[in-house]
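start_35.cif follows (mmCIF, C-alpha atoms):
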data_start
#
loop_
_atom_site.label_atom_id
_atom_site.label_comp_id
_atom_site.auth_asym_id
_atom_site.auth_seq_id
_atom_site.Cartn_x
_atom_site.Cartn_y
_atom_site.Cartn_z
CA MET L 5 21.13 -31.56 -4.60
CA GLY L 6 17.40 -30.83 -4.74
CA GLN L 7 15.34 -30.53 -7.89
CA GLU L 8 15.57 -27.30 -9.89
CA ILE L 9 12.47 -25.36 -10.91
CA GLN L 10 12.85 -23.22 -14.02
CA ALA L 11 11.13 -19.86 -14.46
CA GLN L 12 11.76 -16.60 -16.25
CA ILE L 13 10.86 -14.57 -13.17
CA LEU L 14 11.30 -15.45 -9.50
CA VAL L 15 9.23 -13.34 -7.10
CA VAL L 16 10.38 -13.61 -3.48
CA GLY L 17 7.53 -12.65 -1.17
CA GLY L 18 3.87 -13.62 -1.35
CA GLY L 19 2.28 -10.50 0.10
CA MET L 20 -0.11 -8.26 -1.79
CA VAL L 21 2.58 -6.50 -3.83
CA GLY L 22 4.55 -9.66 -4.58
CA LEU L 23 1.51 -11.62 -5.75
CA SER L 24 0.31 -8.62 -7.78
CA ALA L 25 3.71 -8.49 -9.51
CA ALA L 26 3.52 -12.23 -10.20
CA ALA L 27 0.00 -11.89 -11.63
CA ALA L 28 0.99 -8.96 -13.86
CA LEU L 29 4.08 -10.71 -15.24
CA ALA L 30 2.35 -14.09 -15.65
CA GLY L 31 -0.55 -12.34 -17.35
CA ALA L 32 1.95 -10.98 -19.88
CA GLY L 33 2.92 -14.58 -20.72
CA LEU L 34 6.08 -14.91 -18.63
CA GLU L 35 6.85 -18.01 -16.57
CA VAL L 36 6.75 -16.89 -12.93
CA ALA L 37 7.55 -18.68 -9.67
CA VAL L 38 6.57 -17.10 -6.33
CA VAL L 39 8.26 -18.13 -3.09
CA ASP L 40 6.18 -17.39 0.02
CA ALA L 41 7.15 -18.27 3.57
CA ARG L 42 3.48 -18.68 4.53
CA PRO L 43 1.22 -21.60 3.53
CA PRO L 44 -1.26 -20.87 0.71
CA GLY L 45 -4.27 -21.00 3.03
CA HIS L 46 -3.05 -18.17 5.27
CA ALA L 47 -4.97 -15.62 3.20
CA LEU L 48 -8.25 -17.24 4.19
CA ALA L 49 -7.49 -17.10 7.92
CA SER L 50 -9.99 -14.89 9.71
CA GLY L 51 -8.60 -11.39 10.14
CA THR L 52 -5.09 -12.24 8.84
CA ASP L 53 -3.47 -9.00 10.04
CA GLY L 54 -6.40 -6.68 10.65
CA ARG L 55 -5.51 -4.22 7.97
CA ALA L 56 -7.55 -2.84 5.09
CA SER L 57 -6.30 -0.90 2.09
CA ALA L 58 -7.54 2.30 0.54
CA ILE L 59 -7.22 1.57 -3.17
CA ALA L 60 -7.08 4.71 -5.31
CA LEU L 61 -8.65 4.81 -8.77
CA GLY L 62 -5.29 4.44 -10.53
CA ALA L 63 -4.50 1.36 -8.43
CA MET L 64 -7.97 -0.05 -9.14
CA ARG L 65 -7.11 0.14 -12.83
CA VAL L 66 -3.94 -1.85 -12.20
CA LEU L 67 -5.94 -4.52 -10.35
CA GLU L 68 -8.49 -4.61 -13.16
CA GLY L 69 -5.68 -4.94 -15.71
CA ILE L 70 -4.11 -7.95 -14.00
CA GLY L 71 -7.50 -9.64 -13.66
CA LEU L 72 -7.89 -9.30 -9.89
CA TRP L 73 -10.67 -6.77 -9.47
CA ARG L 74 -13.48 -9.21 -10.27
CA TYR L 75 -12.49 -11.17 -7.15
CA LEU L 76 -12.44 -8.05 -4.97
CA GLU L 77 -15.49 -6.13 -6.14
CA PRO L 78 -17.98 -7.98 -3.88
CA ALA L 79 -15.86 -7.04 -0.83
CA ALA L 80 -15.13 -3.45 -1.89
CA GLN L 81 -16.64 -0.38 -0.21
CA PRO L 82 -16.55 2.71 -2.47
CA ILE L 83 -15.10 5.89 -1.00
CA GLN L 84 -17.46 8.71 -1.98
CA GLU L 85 -15.96 11.50 0.10
CA ILE L 86 -12.79 12.25 2.06
CA ARG L 87 -12.78 14.69 4.98
CA VAL L 88 -9.50 15.93 6.42
CA SER L 89 -9.49 17.90 9.69
CA ASP L 90 -6.94 19.17 12.20
CA ARG L 91 -7.75 18.46 15.85
CA ASP L 92 -10.68 20.63 16.98
CA SER L 93 -10.32 23.30 14.29
CA PRO L 94 -13.55 24.18 12.43
CA LEU L 95 -11.51 24.47 9.20
CA PHE L 96 -11.23 21.34 7.06
CA LEU L 97 -10.66 19.91 3.58
CA HIS L 98 -13.42 18.02 1.81
CA TYR L 99 -13.14 15.89 -1.35
CA ASP L 100 -16.35 14.76 -3.08
CA HIS L 101 -16.35 12.14 -5.83
CA GLN L 102 -18.90 14.17 -7.81
CA GLU L 103 -16.18 16.72 -8.57
CA ALA L 104 -13.91 14.05 -10.03
CA GLY L 105 -16.35 12.14 -12.25
CA ASP L 106 -18.97 9.43 -12.08
CA GLY L 107 -17.02 6.87 -10.08
CA PRO L 108 -15.81 6.82 -6.47
CA LEU L 109 -12.56 8.38 -5.29
CA GLY L 110 -11.34 4.89 -4.47
CA THR L 111 -12.39 1.83 -2.53
CA MET L 112 -11.67 0.14 0.78
CA VAL L 113 -10.94 -3.59 0.77
CA GLU L 114 -9.78 -5.69 3.71
CA ASN L 115 -6.32 -7.12 3.07
CA ARG L 116 -7.50 -10.66 3.74
CA HIS L 117 -9.84 -10.40 0.75
CA ILE L 118 -7.07 -8.99 -1.44
CA LEU L 119 -4.74 -11.86 -0.52
CA ALA L 120 -7.44 -14.48 -0.99
CA GLY L 121 -8.30 -13.03 -4.41
CA LEU L 122 -4.64 -12.98 -5.43
CA HIS L 123 -4.19 -16.62 -4.44
CA GLU L 124 -7.23 -17.58 -6.50
CA LEU L 125 -5.97 -15.56 -9.47
CA ILE L 126 -2.45 -17.02 -9.28
CA GLY L 127 -3.96 -20.50 -9.16
CA ARG L 128 -5.77 -19.83 -12.45
CA LEU L 129 -2.76 -18.46 -14.35
CA PRO L 130 -1.06 -21.33 -16.21
CA SER L 131 2.36 -19.64 -16.26
CA ALA L 132 2.40 -18.84 -12.52
CA ARG L 133 3.58 -21.24 -9.84
CA LEU L 134 3.34 -20.70 -6.08
CA VAL L 135 6.06 -22.39 -4.02
CA ALA L 136 4.85 -22.28 -0.41
CA PRO L 137 5.61 -22.54 2.38
CA ALA L 138 9.24 -22.04 1.47
CA LYS L 139 12.16 -19.74 2.24
CA VAL L 140 15.11 -18.64 0.16
CA ALA L 141 18.26 -19.76 1.97
CA ASP L 142 20.73 -18.56 -0.67
CA LEU L 143 20.58 -16.52 -3.86
CA ARG L 144 23.32 -16.45 -6.48
CA ARG L 145 23.25 -14.05 -9.43
CA ASP L 146 25.67 -13.98 -12.34
CA ARG L 147 25.74 -12.76 -15.94
CA ALA L 148 23.79 -15.78 -17.17
CA ARG L 149 21.02 -16.24 -14.59
CA ALA L 150 19.96 -16.23 -10.95
CA VAL L 151 19.62 -19.36 -8.83
CA ALA L 152 17.80 -19.43 -5.49
CA THR L 153 18.35 -22.33 -3.12
CA LEU L 154 15.44 -22.94 -0.78
CA ALA L 155 15.71 -24.09 2.82
CA ASP L 156 14.48 -27.55 1.82
CA GLY L 157 17.20 -27.94 -0.82
CA ARG L 158 15.13 -27.23 -3.92
CA ARG L 159 16.51 -24.73 -6.38
CA ILE L 160 14.80 -22.20 -8.63
CA GLY L 161 16.56 -20.84 -11.69
CA ALA L 162 15.34 -17.57 -13.22
CA SER L 163 16.43 -14.67 -15.40
CA LEU L 164 15.12 -12.00 -13.03
CA VAL L 165 14.51 -11.94 -9.26
CA VAL L 166 11.82 -9.59 -7.95
CA ALA L 167 12.32 -8.87 -4.24
CA ALA L 168 8.93 -8.27 -2.64
CA ASP L 169 9.97 -9.53 0.78
CA GLY L 170 9.12 -6.50 2.86
CA ARG L 171 10.76 -3.61 4.66
CA ALA L 172 13.49 -5.80 6.18
CA SER L 173 14.06 -7.55 2.78
CA PRO L 174 16.70 -10.27 3.22
CA ILE L 175 17.13 -10.30 -0.57
CA ARG L 176 17.93 -6.57 -0.63
CA ARG L 177 20.35 -6.92 2.28
CA ALA L 178 22.11 -9.88 0.65
CA ALA L 179 22.49 -7.80 -2.52
CA GLY L 180 24.29 -5.12 -0.50
CA ILE L 181 21.74 -2.38 -1.28
CA PRO L 182 21.73 0.13 1.62
CA THR L 183 18.67 2.00 2.84
CA THR L 184 17.96 5.40 4.34
CA GLY L 185 15.30 5.70 7.00
CA TRP L 186 14.27 6.40 10.54
CA SER L 187 11.70 5.46 13.13
CA TYR L 188 8.82 7.83 13.71
CA GLY L 189 8.50 6.90 17.35
CA GLN L 190 4.90 6.05 16.55
CA THR L 191 2.83 2.88 16.53
CA GLY L 192 -0.02 2.19 14.13
CA ILE L 193 -2.99 0.57 15.87
CA VAL L 194 -5.38 -1.18 13.51
CA CYS L 195 -8.78 -2.78 14.00
CA THR L 196 -12.36 -2.78 12.77
CA LEU L 197 -15.11 -0.83 14.52
CA ALA L 198 -18.84 -1.25 14.12
CA HIS L 199 -20.95 1.89 14.53
CA GLU L 200 -24.61 2.80 14.98
CA ARG L 201 -24.92 5.18 12.05
CA PRO L 202 -23.99 4.60 8.40
CA HIS L 203 -20.70 6.02 7.18
CA ARG L 204 -22.17 6.90 3.73
CA GLY L 205 -18.85 6.00 2.12
CA ILE L 206 -17.01 8.86 3.82
CA ALA L 207 -13.35 8.42 4.80
CA HIS L 208 -12.13 10.61 7.65
CA GLU L 209 -8.58 11.55 8.50
CA ARG L 210 -8.16 13.65 11.63
CA PHE L 211 -4.75 14.97 12.61
CA LEU L 212 -4.02 14.77 16.34
CA PRO L 213 -0.86 15.57 18.34
CA ALA L 214 0.23 11.91 18.40
CA GLY L 215 -0.41 11.47 14.66
CA PRO L 216 -3.29 10.95 12.24
CA PHE L 217 -6.44 9.05 13.22
CA ALA L 218 -8.19 7.60 10.17
CA MET L 219 -11.70 6.14 10.08
CA LEU L 220 -12.09 4.33 6.75
CA PRO L 221 -15.42 2.88 5.54
CA LEU L 222 -15.93 -0.85 5.08
CA LEU L 223 -19.00 -2.75 3.90
CA GLY L 224 -21.93 -2.44 6.30
CA ASN L 225 -21.87 -0.21 9.35
CA ARG L 226 -18.19 -0.91 9.89
CA SER L 227 -15.00 1.10 9.52
CA SER L 228 -11.32 0.27 9.64
CA ILE L 229 -9.29 2.53 11.91
CA VAL L 230 -5.63 3.40 11.58
CA TRP L 231 -4.80 5.06 14.88
CA THR L 232 -1.32 6.56 15.07
CA GLU L 233 -0.14 6.78 18.66
CA ARG L 234 3.12 7.63 20.39
CA ALA L 235 5.13 4.43 20.74
CA GLU L 236 5.40 4.78 24.52
CA LEU L 237 1.60 5.17 24.92
CA ALA L 238 0.44 2.54 22.44
CA PRO L 239 0.85 -0.49 24.80
CA ALA L 240 -1.53 1.11 27.31
CA MET L 241 -4.13 1.70 24.57
CA LEU L 242 -3.79 -1.88 23.35
CA ALA L 243 -4.16 -3.22 26.90
CA LEU L 244 -7.60 -1.64 27.33
CA ASP L 245 -10.68 -3.86 27.19
CA ASP L 246 -12.90 -3.48 24.13
CA ALA L 247 -15.32 -1.04 25.73
CA ALA L 248 -12.58 1.27 27.00
CA PHE L 249 -10.71 1.06 23.69
CA ALA L 250 -13.88 1.99 21.76
CA ALA L 251 -14.41 4.91 24.16
CA GLU L 252 -10.88 6.18 23.50
CA ALA L 253 -11.46 5.87 19.74
CA ALA L 254 -14.74 7.80 20.07
CA ARG L 255 -12.98 10.51 22.07
CA ARG L 256 -10.55 11.02 19.18
CA PHE L 257 -13.05 10.69 16.36
CA GLY L 258 -16.19 12.31 17.73
CA PRO L 259 -19.89 11.35 17.92
CA SER L 260 -20.90 11.50 14.23
CA LEU L 261 -21.16 7.70 13.79
CA GLY L 262 -22.84 7.06 17.14
CA ARG L 263 -21.79 4.29 19.50
CA LEU L 264 -18.62 2.42 18.49
CA GLU L 265 -17.89 -1.25 19.13
CA VAL L 266 -14.69 -3.21 18.52
CA VAL L 267 -15.08 -6.08 16.04
CA GLY L 268 -12.45 -8.79 16.22
CA ALA L 269 -8.83 -8.46 17.28
CA ARG L 270 -6.51 -5.47 17.35
CA TRP L 271 -3.05 -5.27 15.81
CA SER L 272 -0.16 -2.84 16.09
CA TYR L 273 2.84 -1.98 13.91
CA PRO L 274 5.88 0.24 14.55
CA LEU L 275 5.96 3.09 12.03
CA ALA L 276 9.19 3.86 10.22
CA LEU L 277 10.51 5.16 6.92
CA SER L 278 12.78 3.06 4.73
CA HIS L 279 14.05 3.90 1.25
CA ALA L 280 16.47 1.78 -0.78
CA GLU L 281 19.45 3.54 -2.32
CA ARG L 282 18.85 1.55 -5.51
CA TYR L 283 15.77 -0.28 -6.78
CA VAL L 284 17.69 -2.62 -9.11
CA GLY L 285 20.84 -4.70 -9.30
CA ALA L 286 22.20 -7.43 -11.55
CA ARG L 287 19.17 -9.61 -12.34
CA LEU L 288 17.31 -8.01 -9.44
CA ALA L 289 14.44 -5.53 -8.97
CA LEU L 290 12.91 -4.32 -5.71
CA VAL L 291 9.18 -3.63 -5.37
CA GLY L 292 6.86 -2.56 -2.57
CA ASP L 293 8.25 -2.14 0.94
CA ALA L 294 11.54 -3.73 -0.11
CA ALA L 295 12.11 -0.55 -2.14
CA HIS L 296 10.21 2.04 -0.09
CA ALA L 297 8.21 1.85 3.14
CA ILE L 298 6.36 5.06 3.97
CA HIS L 299 4.21 6.48 6.76
CA PRO L 300 0.56 5.26 6.49
CA ILE L 301 -0.72 8.85 6.50
CA ALA L 302 -3.13 9.22 3.53
CA GLY L 303 -3.05 5.42 3.01
CA GLN L 304 -0.77 5.51 -0.05
CA GLY L 305 1.62 2.62 0.63
CA PHE L 306 -0.18 -0.10 -1.35
CA ASN L 307 -1.01 2.33 -4.14
CA LEU L 308 2.67 3.27 -4.46
CA GLY L 309 3.59 -0.41 -4.52
CA LEU L 310 1.07 -1.14 -7.29
CA ARG L 311 2.41 1.69 -9.45
CA GLY L 312 5.82 0.10 -9.07
CA VAL L 313 4.42 -3.30 -10.04
CA ALA L 314 2.77 -1.80 -13.13
CA ALA L 315 5.98 -0.04 -14.18
CA LEU L 316 8.18 -3.11 -13.68
CA ALA L 317 5.76 -5.38 -15.53
CA GLU L 318 5.67 -2.91 -18.41
CA VAL L 319 9.43 -2.57 -18.87
CA VAL L 320 10.03 -6.31 -18.49
CA ALA L 321 7.19 -7.28 -20.85
CA ASP L 322 8.37 -4.73 -23.43
CA ALA L 323 11.94 -6.06 -23.23
CA CYS L 324 10.74 -9.63 -23.75
CA ARG L 325 8.63 -8.60 -26.75
CA LEU L 326 11.82 -7.24 -28.31
CA GLY L 327 13.54 -10.57 -27.71
CA LEU L 328 15.67 -9.21 -24.87
CA ASP L 329 16.49 -10.77 -21.51
CA PRO L 330 13.80 -10.11 -18.84
CA ALA L 331 16.64 -8.68 -16.75
CA ASP L 332 17.89 -6.42 -19.54
CA GLY L 333 19.99 -3.73 -17.88
CA ALA L 334 18.50 -0.83 -19.83
CA ALA L 335 14.96 -1.98 -18.98
CA LEU L 336 15.74 -2.24 -15.26
CA GLU L 337 17.42 1.19 -15.29
CA ARG L 338 14.28 2.61 -16.91
CA TYR L 339 12.18 1.08 -14.14
CA GLU L 340 14.37 2.67 -11.47
CA ARG L 341 14.38 6.13 -13.08
CA TRP L 342 10.63 5.95 -13.63
CA ARG L 343 9.75 5.03 -10.08
CA ARG L 344 12.30 7.01 -8.06
CA PHE L 345 10.74 10.47 -8.56
CA ASP L 346 7.23 9.30 -7.61
CA SER L 347 8.55 7.43 -4.57
CA LEU L 348 10.70 10.29 -3.30
CA THR L 349 7.88 12.77 -3.83
CA LEU L 350 5.43 10.69 -1.82
CA ILE L 351 8.03 10.06 0.89
CA ALA L 352 8.59 13.81 1.22
CA VAL L 353 4.85 14.54 1.30
CA THR L 354 3.93 11.89 3.88
CA ASP L 355 6.92 12.60 6.09
CA GLY L 356 6.34 16.35 5.89
CA LEU L 357 2.63 16.09 6.65
CA ASN L 358 3.26 13.87 9.65
CA ARG L 359 5.78 16.35 11.08
CA LEU L 360 3.70 19.41 10.22
CA PHE L 361 0.50 18.22 11.87
CA ALA L 362 2.29 16.82 14.92
CA SER L 363 3.77 20.22 15.71
CA GLU L 364 2.40 22.11 18.74
CA SER L 365 3.57 25.46 17.34
CA VAL L 366 0.69 27.96 17.34
CA PRO L 367 1.84 29.73 14.13
CA LEU L 368 2.23 26.36 12.36
CA ALA L 369 -1.20 25.23 13.58
CA LEU L 370 -2.76 28.41 12.23
CA GLY L 371 -0.91 28.07 8.94
CA ARG L 372 -1.89 24.46 8.34
CA ASP L 373 -5.55 25.13 9.18
CA LEU L 374 -5.65 28.10 6.85
CA GLY L 375 -3.97 25.92 4.22
CA LEU L 376 -6.69 23.26 4.52
CA ALA L 377 -9.36 25.93 4.27
CA ALA L 378 -7.68 27.60 1.28
CA VAL L 379 -7.50 24.36 -0.69
CA ASN L 380 -11.10 23.60 0.26
CA HIS L 381 -12.27 26.94 -1.16
CA LEU L 382 -10.28 26.81 -4.42
CA PRO L 383 -12.03 24.26 -6.68
CA GLY L 384 -9.19 24.03 -9.22
CA LEU L 385 -6.54 23.37 -6.58
CA ARG L 386 -8.83 21.01 -4.68
CA LYS L 387 -9.46 19.00 -7.85
CA LEU L 388 -5.70 18.77 -8.53
CA PHE L 389 -5.09 17.48 -4.99
CA MET L 390 -7.97 15.05 -5.46
CA ARG L 391 -6.49 13.69 -8.70
CA HIS L 392 -3.15 13.20 -6.94
CA ALA L 393 -4.90 11.24 -4.17
CA MET L 394 -6.65 9.15 -6.84
CA GLY L 395 -3.31 8.26 -8.46
CA LEU L 396 -4.16 9.92 -11.77
CA VAL L 397 -1.29 12.42 -12.02
CA GLY L 398 2.21 11.92 -13.40
CA ASP L 399 3.90 9.56 -15.85
CA LEU L 400 1.63 6.58 -15.29
CA PRO L 401 2.27 3.01 -16.51
CA ARG L 402 -0.17 1.59 -19.03
CA LEU L 403 -1.99 -0.52 -16.44
CA ALA L 404 -2.58 2.55 -14.23
CA ARG L 405 -4.03 4.38 -17.27
CA GLY L 406 -6.50 1.55 -17.83
CA GLU L 407 -4.63 0.24 -20.88
CA PRO L 408 -3.55 -3.37 -21.45
CA LEU L 409 0.00 -4.34 -20.58
#
Would you give me this structure, written as structure tokens?
Amino acid sequence: MGQEIQAQILVVGGGMVGLSAAAALAGAGLEVAVVDARPPGHALASGTDGRASAIALGAMRVLEGIGLWRYLEPAAQPIQEIRVSDRDSPLFLHYDHQEAGDGPLGTMVENRHILAGLHELIGRLPSARLVAPAKVADLRRDRARAVATLADGRRIGASLVVAADGRASPIRRAAGIPTTGWSYGQTGIVCTLAHERPHRGIAHERFLPAGPFAMLPLLGNRSSIVWTERAELAPAMLALDDAAFAAEAARRFGPSLGRLEVVGARWSYPLALSHAERYVGARLALVGDAAHAIHPIAGQGFNLGLRGVAALAEVVADACRLGLDPADGAALERYERWRRFDSLTLIAVTDGLNRLFASESVPLALGRDLGLAAVNHLPGLRKLFMRHAMGLVGDLPRLARGEPL
């Protein structure tokens, strides 16, 4: 029998959402252990997975509240404007940060910087412990506690298990929580492009027949692209040399940034929807992709995950302040009720937009273009849409409102 580590909270999964949950809960004074299959230094590996995240203002407040933002600010590129267009139509939708207030609409940060910052933050929190590299081989939950047995024989005892182990979540599957979902038949191609002309902090999302093509500003004359392509065509695009790949990207995006050049490696990910039937179980809560994995259209996946982290940390911290178990059933039920509406709404919006803009129907094409133009010419409606994109609408957790946990 291996040694047993004791914690109030066990977080399974050391990705951005899992480590954010650990930082939020440890920052509230709870003893937290995080199990990550990857070694601690993986976050510092060049490129990591090629992705960057668009962090909305509400999510920035969460990251500030858990103490992470100070590590990210030097690597953050503010988003000053967002331009949404449909193929070659002259009609478009334009968001400008000046309409929303003094600050930016959000920021772009490469995921490798977010992970590196989270590892540094976790290392400075006295009540947080990272157990890595390690894998959970078995998890037992009963009325008294949860016990995870690791592949190396060590055990971790906790009151609450937070599953942040991704879309395929072994913890969710072992708990018998079913999911609803489907494949989009699309592949997301991700890389960084350098360009001749400055982006001026403008994020572009252009809808094409195969799916959205996003050009998202990074520090310097660089942008992160999220290129949605039909699954059967993506391998041919990925097989191109850098010059031909950049030419294909320029053909989709246009000439406004001048000559494009591929920087570093390229990555690809199959795109699919996954939604858990329940977000909680006995001594168990799901967060991030373990609960809901959505289409990357509009770049809302990480923001949705952070709102879930903020809500879970709030209900658990409040329960503990009342002297209750961190896995108090009423608190976990509140978390699920709180998050389900927001998640289902965003799933419906992202799925619907992807289907709407992929359609070749002439009447639908005319309708969606007129819709973009209508929103663009109605300041009140445009501002409401902008606030939604910034994560400032709805029943927000305290951290997302800029308040302490």
- Could you pull out every residue with an atom within 12 Å of (-1.5, 4.4, 16.9), file coordinates, counting all atoms listed in the file, and send them as a PyMOL selection string? chain L and resi 188-195+211-218+229-242+249+252-253+256+270-275+299-301
Determine, counting all atoms listed in the file, which protein, DNA and RNA residues have an atom within 10 Å of an atom of region 314-317 of chain L; residues of the same chain fewer than 6 positions away are not included. Present the result as a PDB file with C-alpha atoms, in the frame of the given file.
ATOM      1  CA  SER L  24       0.310  -8.620  -7.780  1.00  0.00           C
ATOM      2  CA  ALA L  25       3.710  -8.490  -9.510  1.00  0.00           C
ATOM      3  CA  ALA L  26       3.520 -12.230 -10.200  1.00  0.00           C
ATOM      4  CA  ALA L  27       0.000 -11.890 -11.630  1.00  0.00           C
ATOM      5  CA  ALA L  28       0.990  -8.960 -13.860  1.00  0.00           C
ATOM      6  CA  LEU L  29       4.080 -10.710 -15.240  1.00  0.00           C
ATOM      7  CA  ALA L  30       2.350 -14.090 -15.650  1.00  0.00           C
ATOM      8  CA  GLY L  31      -0.550 -12.340 -17.350  1.00  0.00           C
ATOM      9  CA  ALA L  32       1.950 -10.980 -19.880  1.00  0.00           C
ATOM     10  CA  ALA L  63      -4.500   1.360  -8.430  1.00  0.00           C
ATOM     11  CA  VAL L  66      -3.940  -1.850 -12.200  1.00  0.00           C
ATOM     12  CA  LEU L  67      -5.940  -4.520 -10.350  1.00  0.00           C
ATOM     13  CA  GLY L  69      -5.680  -4.940 -15.710  1.00  0.00           C
ATOM     14  CA  ILE L  70      -4.110  -7.950 -14.000  1.00  0.00           C
ATOM     15  CA  VAL L 166      11.820  -9.590  -7.950  1.00  0.00           C
ATOM     16  CA  ALA L 289      14.440  -5.530  -8.970  1.00  0.00           C
ATOM     17  CA  LEU L 290      12.910  -4.320  -5.710  1.00  0.00           C
ATOM     18  CA  VAL L 291       9.180  -3.630  -5.370  1.00  0.00           C
ATOM     19  CA  ALA L 323      11.940  -6.060 -23.230  1.00  0.00           C
ATOM     20  CA  PRO L 330      13.800 -10.110 -18.840  1.00  0.00           C
ATOM     21  CA  ALA L 335      14.960  -1.980 -18.980  1.00  0.00           C
ATOM     22  CA  LEU L 336      15.740  -2.240 -15.260  1.00  0.00           C
ATOM     23  CA  ARG L 338      14.280   2.610 -16.910  1.00  0.00           C
ATOM     24  CA  TYR L 339      12.180   1.080 -14.140  1.00  0.00           C
ATOM     25  CA  GLU L 340      14.370   2.670 -11.470  1.00  0.00           C
ATOM     26  CA  TRP L 342      10.630   5.950 -13.630  1.00  0.00           C
ATOM     27  CA  ARG L 343       9.750   5.030 -10.080  1.00  0.00           C
ATOM     28  CA  ASP L 399       3.900   9.560 -15.850  1.00  0.00           C
ATOM     29  CA  LEU L 400       1.630   6.580 -15.290  1.00  0.00           C
ATOM     30  CA  PRO L 401       2.270   3.010 -16.510  1.00  0.00           C
ATOM     31  CA  ARG L 402      -0.170   1.590 -19.030  1.00  0.00           C
ATOM     32  CA  LEU L 403      -1.990  -0.520 -16.440  1.00  0.00           C
ATOM     33  CA  ALA L 404      -2.580   2.550 -14.230  1.00  0.00           C
ATOM     34  CA  LEU L 409       0.000  -4.340 -20.580  1.00  0.00           C
TER      35      LEU L 409
END
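Here the PyMOL selection byres ((chain L and resi 129) around 10) captures the residues Ala26, Ala27, Ala30, Gly31, Gly33, Glu35, Val36, Glu124, Leu125, Ile126, Gly127, Arg128, Pro130, Ser131, Ala132 and Arg133 of chain L.
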Grab the residues selected above and save them as a short mmCIF file (atom, residue, chain, number, x, y, z; two decimals), keeping the file's coordinate frame with C-alpha atoms.
data_model
loop_
_atom_site.label_atom_id
_atom_site.label_comp_id
_atom_site.auth_asym_id
_atom_site.auth_seq_id
_atom_site.Cartn_x
_atom_site.Cartn_y
_atom_site.Cartn_z
CA ALA L 26 3.52 -12.23 -10.20
CA ALA L 27 0.00 -11.89 -11.63
CA ALA L 30 2.35 -14.09 -15.65
CA GLY L 31 -0.55 -12.34 -17.35
CA GLY L 33 2.92 -14.58 -20.72
CA GLU L 35 6.85 -18.01 -16.57
CA VAL L 36 6.75 -16.89 -12.93
CA GLU L 124 -7.23 -17.58 -6.50
CA LEU L 125 -5.97 -15.56 -9.47
CA ILE L 126 -2.45 -17.02 -9.28
CA GLY L 127 -3.96 -20.50 -9.16
CA ARG L 128 -5.77 -19.83 -12.45
CA PRO L 130 -1.06 -21.33 -16.21
CA SER L 131 2.36 -19.64 -16.26
CA ALA L 132 2.40 -18.84 -12.52
CA ARG L 133 3.58 -21.24 -9.84
#
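With only C-alpha atoms as the atoms that count, the residue of L:Ala280, L:Leu220, L:Leu134, L:Leu23 with the shortest distance to Ala56 (chain L) is L:Leu220.
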As lines of an AutoDock Vina configuration file, please report the centre and edge lengths, rounded to one decimal in Å, of the axis-aligned box that holds all listed atoms of region 313-327 of chain L with 6 Å of padding on each of the six sides.
center_x = 8.2
center_y = -5.3
center_z = -19.2
size_x = 22.8
size_y = 22.5
size_z = 30.3
